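Pasting upload20.cif here (mmCIF, C-alpha atoms):
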data_data
#
loop_
_atom_site.label_atom_id
_atom_site.label_comp_id
_atom_site.auth_asym_id
_atom_site.auth_seq_id
_atom_site.Cartn_x
_atom_site.Cartn_y
_atom_site.Cartn_z
CA MET A 184 34.24 -133.57 95.39
CA THR A 185 31.15 -132.53 97.33
CA LEU A 186 27.45 -133.03 96.68
CA GLU A 187 27.12 -129.25 96.26
CA GLU A 188 29.69 -129.28 93.45
CA ILE A 189 27.83 -132.12 91.75
CA LEU A 190 24.48 -130.33 91.93
CA ALA A 191 26.10 -127.23 90.39
CA GLY A 192 26.72 -129.27 87.24
CA GLU A 193 29.54 -129.47 84.72
CA SER A 194 31.84 -126.52 84.25
CA GLU A 195 35.10 -125.34 82.70
CA ASN A 196 37.05 -127.80 84.87
CA LEU A 197 34.50 -130.47 85.77
CA GLU A 198 32.84 -133.22 83.73
CA PHE A 199 30.58 -136.16 84.63
CA LYS A 200 30.33 -139.64 83.11
CA VAL A 201 27.85 -142.33 84.14
CA GLN A 202 30.45 -144.98 83.38
CA ARG A 203 33.68 -145.47 81.47
CA PRO A 204 32.84 -145.49 77.73
CA LYS A 205 34.18 -148.40 75.69
CA ASP A 206 35.48 -145.80 73.23
CA SER A 207 38.03 -143.93 75.34
CA THR A 208 38.07 -141.03 72.84
CA LYS A 209 34.76 -139.90 74.35
CA TYR A 210 36.55 -138.77 77.48
CA MET A 211 40.11 -138.45 76.18
CA LYS A 212 39.10 -135.18 74.49
CA SER A 213 38.38 -133.76 77.93
CA VAL A 214 41.62 -135.16 79.35
CA VAL A 215 43.80 -133.32 76.81
CA ALA A 216 41.58 -130.23 77.02
CA PHE A 217 42.14 -130.05 80.79
CA ALA A 218 45.89 -130.58 80.35
CA ASN A 219 45.99 -127.80 77.74
CA GLY A 220 44.14 -125.46 80.09
CA GLU A 221 44.00 -125.01 83.83
CA GLY A 222 43.37 -128.65 84.70
CA GLY A 223 40.14 -130.33 85.69
CA ARG A 224 38.31 -133.41 86.94
CA ILE A 225 36.25 -136.14 85.32
CA ILE A 226 33.92 -137.97 87.71
CA PHE A 227 32.78 -141.45 86.66
CA GLY A 228 29.57 -142.65 88.27
CA ILE A 229 27.48 -139.46 87.93
CA ASP A 230 24.77 -138.78 85.36
CA ASP A 231 25.80 -135.67 83.42
CA LYS A 232 22.19 -134.73 82.67
CA THR A 233 20.42 -135.28 85.99
CA HIS A 234 23.51 -134.97 88.25
CA GLU A 235 22.32 -138.11 90.02
CA VAL A 236 25.01 -140.12 91.77
CA ILE A 237 24.75 -143.53 90.09
CA GLY A 238 27.99 -144.98 91.43
CA ILE A 239 30.35 -147.67 90.20
CA PRO A 240 29.79 -151.29 91.34
CA SER A 241 32.22 -152.01 94.16
CA GLU A 242 33.57 -155.15 92.49
CA LEU A 243 34.54 -153.11 89.40
CA VAL A 244 36.03 -149.99 91.01
CA PHE A 245 39.69 -150.96 91.06
CA SER A 246 39.71 -152.60 87.64
CA GLU A 247 38.03 -149.45 86.27
CA ILE A 248 40.66 -147.24 87.92
CA ASP A 249 43.40 -149.33 86.28
CA ALA A 250 41.67 -149.20 82.89
CA ILE A 251 41.20 -145.41 83.02
CA THR A 252 44.81 -144.80 84.11
CA ALA A 253 46.19 -147.06 81.37
CA ALA A 254 43.97 -145.53 78.68
CA ILE A 255 45.09 -141.99 79.51
CA SER A 256 48.77 -142.95 79.64
CA ASP A 257 48.53 -144.83 76.32
CA SER A 258 46.30 -142.41 74.41
CA CYS A 259 47.82 -138.99 75.05
CA GLU A 260 50.93 -137.24 73.81
CA PRO A 261 52.97 -135.91 75.58
CA LEU A 262 52.45 -138.33 78.45
CA ILE A 263 49.69 -137.39 80.90
CA ILE A 264 49.78 -139.02 84.32
CA PRO A 265 46.39 -138.55 86.00
CA ASP A 266 45.55 -138.78 89.69
CA VAL A 267 42.77 -141.40 89.78
CA TYR A 268 41.08 -142.37 93.04
CA LEU A 269 37.92 -143.69 94.67
CA GLN A 270 35.52 -141.44 96.56
CA GLN A 271 32.28 -142.20 98.41
CA ILE A 272 29.35 -139.86 97.74
CA GLU A 273 25.93 -140.63 99.20
CA GLU A 274 27.34 -144.05 100.17
CA LYS A 275 28.10 -144.80 96.51
CA ALA A 276 31.53 -145.23 94.94
CA VAL A 277 32.59 -142.81 92.21
CA ILE A 278 35.92 -142.54 90.45
CA VAL A 279 37.61 -139.15 90.36
CA VAL A 280 40.16 -138.43 87.63
CA GLU A 281 42.21 -135.30 88.26
CA ILE A 282 44.21 -133.80 85.39
CA SER A 283 46.78 -131.15 86.24
CA PRO A 284 47.65 -128.23 83.91
CA GLY A 285 50.32 -129.48 81.54
CA LYS A 286 53.81 -128.04 81.08
CA GLN A 287 54.44 -129.51 77.62
CA ARG A 288 51.51 -128.20 75.63
CA PRO A 289 49.90 -128.88 73.27
CA TYR A 290 48.59 -132.22 74.52
CA TYR A 291 46.69 -134.29 71.98
CA ILE A 292 45.15 -137.69 71.30
CA LYS A 293 47.83 -139.85 69.68
CA SER A 294 45.51 -141.67 67.29
CA ALA A 295 44.15 -138.40 65.88
CA GLY A 296 47.51 -136.61 65.63
CA ILE A 297 48.41 -133.13 66.80
CA LYS A 298 46.41 -131.38 64.05
CA ASP A 299 43.05 -133.04 64.77
CA GLY A 300 43.62 -134.40 68.27
CA THR A 301 44.32 -131.19 70.21
CA TYR A 302 41.42 -129.96 72.34
CA ILE A 303 40.71 -127.04 74.66
CA ARG A 304 37.96 -126.37 77.16
CA VAL A 305 35.30 -123.85 76.09
CA ALA A 306 32.18 -123.11 78.16
CA GLY A 307 32.17 -126.51 79.85
CA THR A 308 32.77 -128.52 76.66
CA SER A 309 35.88 -129.85 74.91
CA ARG A 310 36.45 -128.29 71.48
CA PRO A 311 39.11 -128.75 68.77
CA ALA A 312 41.87 -126.20 69.31
CA GLY A 313 42.54 -125.51 65.63
CA ARG A 314 45.88 -125.02 63.93
CA ASP A 315 46.71 -121.50 65.08
CA LEU A 316 45.91 -122.05 68.76
CA THR A 317 47.76 -125.36 68.76
CA ALA A 318 50.84 -123.63 67.35
CA GLU A 319 50.46 -120.79 69.84
CA MET A 320 50.44 -123.22 72.78
CA TYR A 321 53.57 -124.88 71.45
CA TYR A 322 55.54 -121.67 71.08
CA GLU A 323 54.33 -120.24 74.40
CA ASP A 324 55.63 -123.31 76.21
CA GLU A 325 58.89 -123.01 74.26
CA GLY A 326 59.25 -119.45 75.56
CA ARG A 327 58.61 -117.86 72.17
CA SER A 328 55.79 -115.73 70.87
CA TYR A 329 53.65 -117.16 68.06
CA ASP A 330 53.60 -113.66 66.52
CA ASN A 331 57.37 -113.88 66.07
CA VAL A 332 57.40 -117.26 64.36
CA VAL A 333 58.45 -117.28 60.71
CA ARG A 334 55.76 -118.69 58.42
CA ARG A 335 57.90 -120.73 56.03
CA ASP A 336 54.80 -121.99 54.25
CA LEU A 337 54.02 -118.49 52.93
CA THR A 338 55.72 -116.58 50.12
CA VAL A 339 55.26 -112.99 48.91
CA SER A 340 56.06 -111.42 45.54
CA ASP A 341 58.14 -108.29 44.96
CA GLY A 342 54.94 -106.50 43.96
CA GLU A 343 53.26 -107.40 47.29
CA ILE A 344 56.33 -106.24 49.19
CA GLN A 345 56.36 -102.92 47.33
CA SER A 346 52.64 -102.46 47.99
CA LEU A 347 53.17 -103.05 51.72
CA CYS A 348 56.06 -100.57 51.79
CA SER A 349 53.91 -97.92 50.11
CA GLN A 350 51.00 -98.53 52.49
CA MET A 351 53.27 -98.26 55.51
CA LYS A 352 54.60 -94.90 54.33
CA GLU A 353 51.06 -93.64 53.65
CA VAL A 354 50.02 -94.55 57.21
CA ALA A 355 53.08 -92.83 58.64
CA VAL A 356 52.34 -89.65 56.62
CA ARG A 357 48.71 -89.60 57.77
CA ASN A 358 49.82 -89.93 61.40
CA ALA A 359 52.45 -87.19 61.15
CA ARG A 360 51.90 -84.28 63.53
CA SER A 361 52.88 -81.60 61.03
CA GLU A 362 53.53 -81.11 57.33
CA LYS A 363 57.23 -80.76 58.07
CA GLN A 364 57.26 -84.08 59.88
CA ALA A 365 55.33 -85.68 57.02
CA SER A 366 57.81 -84.37 54.44
CA GLU A 367 60.70 -85.97 56.33
CA ILE A 368 59.23 -89.48 56.26
CA ARG A 369 61.33 -91.73 54.05
CA ASN A 370 60.25 -94.57 51.82
CA VAL A 371 60.06 -97.98 53.45
CA THR A 372 62.26 -100.55 51.72
CA LYS A 373 62.44 -104.31 51.52
CA ASN A 374 65.74 -104.26 53.43
CA GLN A 375 64.04 -102.42 56.29
CA LEU A 376 61.30 -105.06 56.44
CA LEU A 377 64.01 -107.70 56.64
CA SER A 378 65.87 -105.86 59.41
CA TRP A 379 62.64 -105.39 61.38
CA GLY A 380 61.93 -109.12 61.15
CA LEU A 381 58.72 -108.64 59.16
CA LEU A 382 60.22 -110.57 56.27
CA GLN A 383 62.50 -113.59 56.23
CA GLY A 384 64.83 -114.01 53.30
CA SER A 385 65.00 -117.31 51.45
CA PRO A 386 67.65 -119.67 52.83
CA TYR A 387 68.44 -120.81 49.25
#

What does this structure look like when you write it as structure tokens?
Amino acid sequence: MTLEEILAGESENLEFKVQRPKDSTKYMKSVVAFANGEGGRIIFGIDDKTHEVIGIPSELVFSEIDAITAAISDSCEPLIIPDVYLQQIEEKAVIVVEISPGKQRPYYIKSAGIKDGTYIRVAGTSRPAGRDLTAEMYYEDEGRSYDNVVRRDLTVSDGEIQSLCSQMKEVAVRNARSEKQASEIRNVTKNQLLSWGLLQGSPY
């Protein structure tokens, strides 16, 4: 961490804190957001508004490092192991917390649960990921595409299936290159939707 980086301000992968908040959630959002993205650093001892190096009292530095490390290890799921160390800037001690990109996404705050505790980094701030993006991260890290995941919480009626089949044929007819080609287009059936993986039959 250089003085030039500090003066440039917070960014997608950099955040400042004057001191360690008593409520660890105030920085744990950024920890999981960095782990869910491309990694990042939180610097304790710098004013996030003025970018002034305030520093951490020397007698508190090592106890603060221990507290930050323990809070991150205890508060996040899956386990996040940060690299936390002391650095001198303008002859003042600051604490640098480096979070590497995670390999077991989504990472989330345990106390909030995966639904409400998953965060991502957006324009220099930590934002809730939302259900769809959280699921997408999970399936990407499992080597599967979210688009190919069966939504078992959704059901469709025979009428909706028939309507979809009709619409698919209409689109195919409109895109046909000739009248002859259009006349050869067959009706789309429910069995075809099942074979294409667009529908999943009931297991019961």

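Across A:Leu316, A:Leu269, A:Ile237, A:Ala254, the tightest approach to Pro204 in chain A is made by A:Ala254 when counting all atoms listed in the file.
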
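Here CA of Leu347 in chain A and CA of Glu319 in chain A stand 25.5 Å from one another.
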
Exercise. Looking at A:Tyr302, A:Phe199, A:Tyr291, A:Trp379, which one is nearest to Ala216 in chain A, with distances taken over all atoms listed in the file?
Worked result: A:Tyr302

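The nearest approach to Lys352 in chain A among the residues A:Gln287, A:Ser294, A:Glu367, A:Thr338, with only C-alpha atoms taken into account, belongs to A:Glu367.
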
Problem set entry | Shell of 12 Å around Gly223 in chain A, all atoms listed in the file, local chain residues under 4 positions omitted, as a PyMOL selection string | chain A and resi 184+193-199+213-219+265-266+279-285+303-304+307-309

For this session: Taking the file as shown, find all residues satisfying the PyMOL selection byres ((chain A and resi 238-252) around 6) and write them as an NGL selection string.
Result: :A and (228 or 236-237 or 253-255 or 275-277)

Those residues with C-alpha atoms, as an mmCIF file, in the frame of the given file please?
data_model
loop_
_atom_site.group_PDB
_atom_site.id
_atom_site.type_symbol
_atom_site.label_atom_id
_atom_site.label_comp_id
_atom_site.auth_asym_id
_atom_site.auth_seq_id
_atom_site.Cartn_x
_atom_site.Cartn_y
_atom_site.Cartn_z
ATOM 1 C CA GLY A 228 29.570 -142.650 88.270
ATOM 2 C CA VAL A 236 25.010 -140.120 91.770
ATOM 3 C CA ILE A 237 24.750 -143.530 90.090
ATOM 4 C CA ALA A 253 46.190 -147.060 81.370
ATOM 5 C CA ALA A 254 43.970 -145.530 78.680
ATOM 6 C CA ILE A 255 45.090 -141.990 79.510
ATOM 7 C CA LYS A 275 28.100 -144.800 96.510
ATOM 8 C CA ALA A 276 31.530 -145.230 94.940
ATOM 9 C CA VAL A 277 32.590 -142.810 92.210
#

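The two atoms in question, CA of Arg203 in chain A and CA of Val267 in chain A, are spaced 13.0 Å apart.
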
For this session: Decode the PyMOL selection byres ((chain A and resi 311) around 6) for the given file into explicit residues and return them as a ChimeraX atom specification.
Result: /A:301-302,310,312-313

Problem set entry | Counting only C-alpha atoms, the option among A:Asp299, A:Met211, A:Leu186, A:Asp257 closest to Glu274 in chain A | A:Leu186

Exercise. To one decimal place, how far is CA of Arg314 in chain A from CA of Pro261 in chain A in Å?
Worked result: 17.5 Å

For this session: Specify as a ChimeraX atom specification each residue included when the PyMOL selection byres ((chain A and resi 369) around 12) is applied to this file.
Result: /A:348-349,351-353,355-356,364-368,370-372,375

Could range 365-383 of chain A be completed with N, CA, C and O atoms and written as a PDB file, in the frame of the given file, please?
ATOM      1  N   ALA A 365      55.770 -84.819  58.105  1.00  0.00           N
ATOM      2  CA  ALA A 365      55.330 -85.680  57.020  1.00  0.00           C
ATOM      3  C   ALA A 365      56.316 -85.678  55.860  1.00  0.00           C
ATOM      4  O   ALA A 365      56.585 -86.714  55.241  1.00  0.00           O
ATOM      5  N   SER A 366      56.877 -84.488  55.574  1.00  0.00           N
ATOM      6  CA  SER A 366      57.810 -84.370  54.440  1.00  0.00           C
ATOM      7  C   SER A 366      59.135 -85.073  54.713  1.00  0.00           C
ATOM      8  O   SER A 366      59.880 -85.386  53.782  1.00  0.00           O
ATOM      9  N   GLU A 367      59.430 -85.340  55.978  1.00  0.00           N
ATOM     10  CA  GLU A 367      60.700 -85.970  56.330  1.00  0.00           C
ATOM     11  C   GLU A 367      60.614 -87.495  56.387  1.00  0.00           C
ATOM     12  O   GLU A 367      61.624 -88.170  56.600  1.00  0.00           O
ATOM     13  N   ILE A 368      59.405 -88.022  56.209  1.00  0.00           N
ATOM     14  CA  ILE A 368      59.230 -89.480  56.260  1.00  0.00           C
ATOM     15  C   ILE A 368      59.802 -90.106  54.990  1.00  0.00           C
ATOM     16  O   ILE A 368      59.453 -89.723  53.875  1.00  0.00           O
ATOM     17  N   ARG A 369      60.673 -91.076  55.170  1.00  0.00           N
ATOM     18  CA  ARG A 369      61.330 -91.730  54.050  1.00  0.00           C
ATOM     19  C   ARG A 369      60.541 -92.938  53.564  1.00  0.00           C
ATOM     20  O   ARG A 369      59.671 -93.448  54.271  1.00  0.00           O
ATOM     21  N   ASN A 370      60.882 -93.377  52.368  1.00  0.00           N
ATOM     22  CA  ASN A 370      60.250 -94.570  51.820  1.00  0.00           C
ATOM     23  C   ASN A 370      60.673 -95.800  52.640  1.00  0.00           C
ATOM     24  O   ASN A 370      61.808 -95.893  53.121  1.00  0.00           O
ATOM     25  N   VAL A 371      59.744 -96.714  52.803  1.00  0.00           N
ATOM     26  CA  VAL A 371      60.060 -97.980  53.450  1.00  0.00           C
ATOM     27  C   VAL A 371      60.584 -98.938  52.384  1.00  0.00           C
ATOM     28  O   VAL A 371      60.029 -99.022  51.286  1.00  0.00           O
ATOM     29  N   THR A 372      61.652 -99.649  52.693  1.00  0.00           N
ATOM     30  CA  THR A 372      62.260-100.550  51.720  1.00  0.00           C
ATOM     31  C   THR A 372      62.174-102.007  52.166  1.00  0.00           C
ATOM     32  O   THR A 372      61.900-102.300  53.336  1.00  0.00           O
ATOM     33  N   LYS A 373      62.430-102.878  51.224  1.00  0.00           N
ATOM     34  CA  LYS A 373      62.440-104.310  51.520  1.00  0.00           C
ATOM     35  C   LYS A 373      63.490-104.639  52.570  1.00  0.00           C
ATOM     36  O   LYS A 373      63.256-105.452  53.472  1.00  0.00           O
ATOM     37  N   ASN A 374      64.666-104.007  52.461  1.00  0.00           N
ATOM     38  CA  ASN A 374      65.740-104.260  53.430  1.00  0.00           C
ATOM     39  C   ASN A 374      65.317-103.878  54.849  1.00  0.00           C
ATOM     40  O   ASN A 374      65.703-104.537  55.823  1.00  0.00           O
ATOM     41  N   GLN A 375      64.518-102.804  54.961  1.00  0.00           N
ATOM     42  CA  GLN A 375      64.040-102.420  56.290  1.00  0.00           C
ATOM     43  C   GLN A 375      63.085-103.466  56.847  1.00  0.00           C
ATOM     44  O   GLN A 375      63.129-103.791  58.040  1.00  0.00           O
ATOM     45  N   LEU A 376      62.214-104.000  55.988  1.00  0.00           N
ATOM     46  CA  LEU A 376      61.300-105.060  56.440  1.00  0.00           C
ATOM     47  C   LEU A 376      62.076-106.275  56.923  1.00  0.00           C
ATOM     48  O   LEU A 376      61.705-106.912  57.916  1.00  0.00           O
ATOM     49  N   LEU A 377      63.169-106.579  56.227  1.00  0.00           N
ATOM     50  CA  LEU A 377      64.010-107.700  56.640  1.00  0.00           C
ATOM     51  C   LEU A 377      64.682-107.420  57.983  1.00  0.00           C
ATOM     52  O   LEU A 377      64.721-108.276  58.866  1.00  0.00           O
ATOM     53  N   SER A 378      65.178-106.200  58.155  1.00  0.00           N
ATOM     54  CA  SER A 378      65.870-105.860  59.410  1.00  0.00           C
ATOM     55  C   SER A 378      64.903-105.799  60.581  1.00  0.00           C
ATOM     56  O   SER A 378      65.287-106.064  61.724  1.00  0.00           O
ATOM     57  N   TRP A 379      63.646-105.437  60.313  1.00  0.00           N
ATOM     58  CA  TRP A 379      62.640-105.390  61.380  1.00  0.00           C
ATOM     59  C   TRP A 379      62.099-106.776  61.722  1.00  0.00           C
ATOM     60  O   TRP A 379      61.355-106.947  62.685  1.00  0.00           O
ATOM     61  N   GLY A 380      62.425-107.772  60.907  1.00  0.00           N
ATOM     62  CA  GLY A 380      61.930-109.120  61.150  1.00  0.00           C
ATOM     63  C   GLY A 380      60.553-109.373  60.576  1.00  0.00           C
ATOM     64  O   GLY A 380      59.950-110.414  60.850  1.00  0.00           O
ATOM     65  N   LEU A 381      60.038-108.449  59.768  1.00  0.00           N
ATOM     66  CA  LEU A 381      58.720-108.640  59.160  1.00  0.00           C
ATOM     67  C   LEU A 381      58.788-109.542  57.946  1.00  0.00           C
ATOM     68  O   LEU A 381      57.791-110.131  57.548  1.00  0.00           O
ATOM     69  N   LEU A 382      59.977-109.658  57.370  1.00  0.00           N
ATOM     70  CA  LEU A 382      60.220-110.570  56.270  1.00  0.00           C
ATOM     71  C   LEU A 382      61.386-111.471  56.626  1.00  0.00           C
ATOM     72  O   LEU A 382      62.286-111.068  57.366  1.00  0.00           O
ATOM     73  N   GLN A 383      61.388-112.676  56.048  1.00  0.00           N
ATOM     74  CA  GLN A 383      62.500-113.590  56.230  1.00  0.00           C
ATOM     75  C   GLN A 383      63.007-113.945  54.845  1.00  0.00           C
ATOM     76  O   GLN A 383      62.242-114.410  53.995  1.00  0.00           O
TER      77      GLN A 383
END
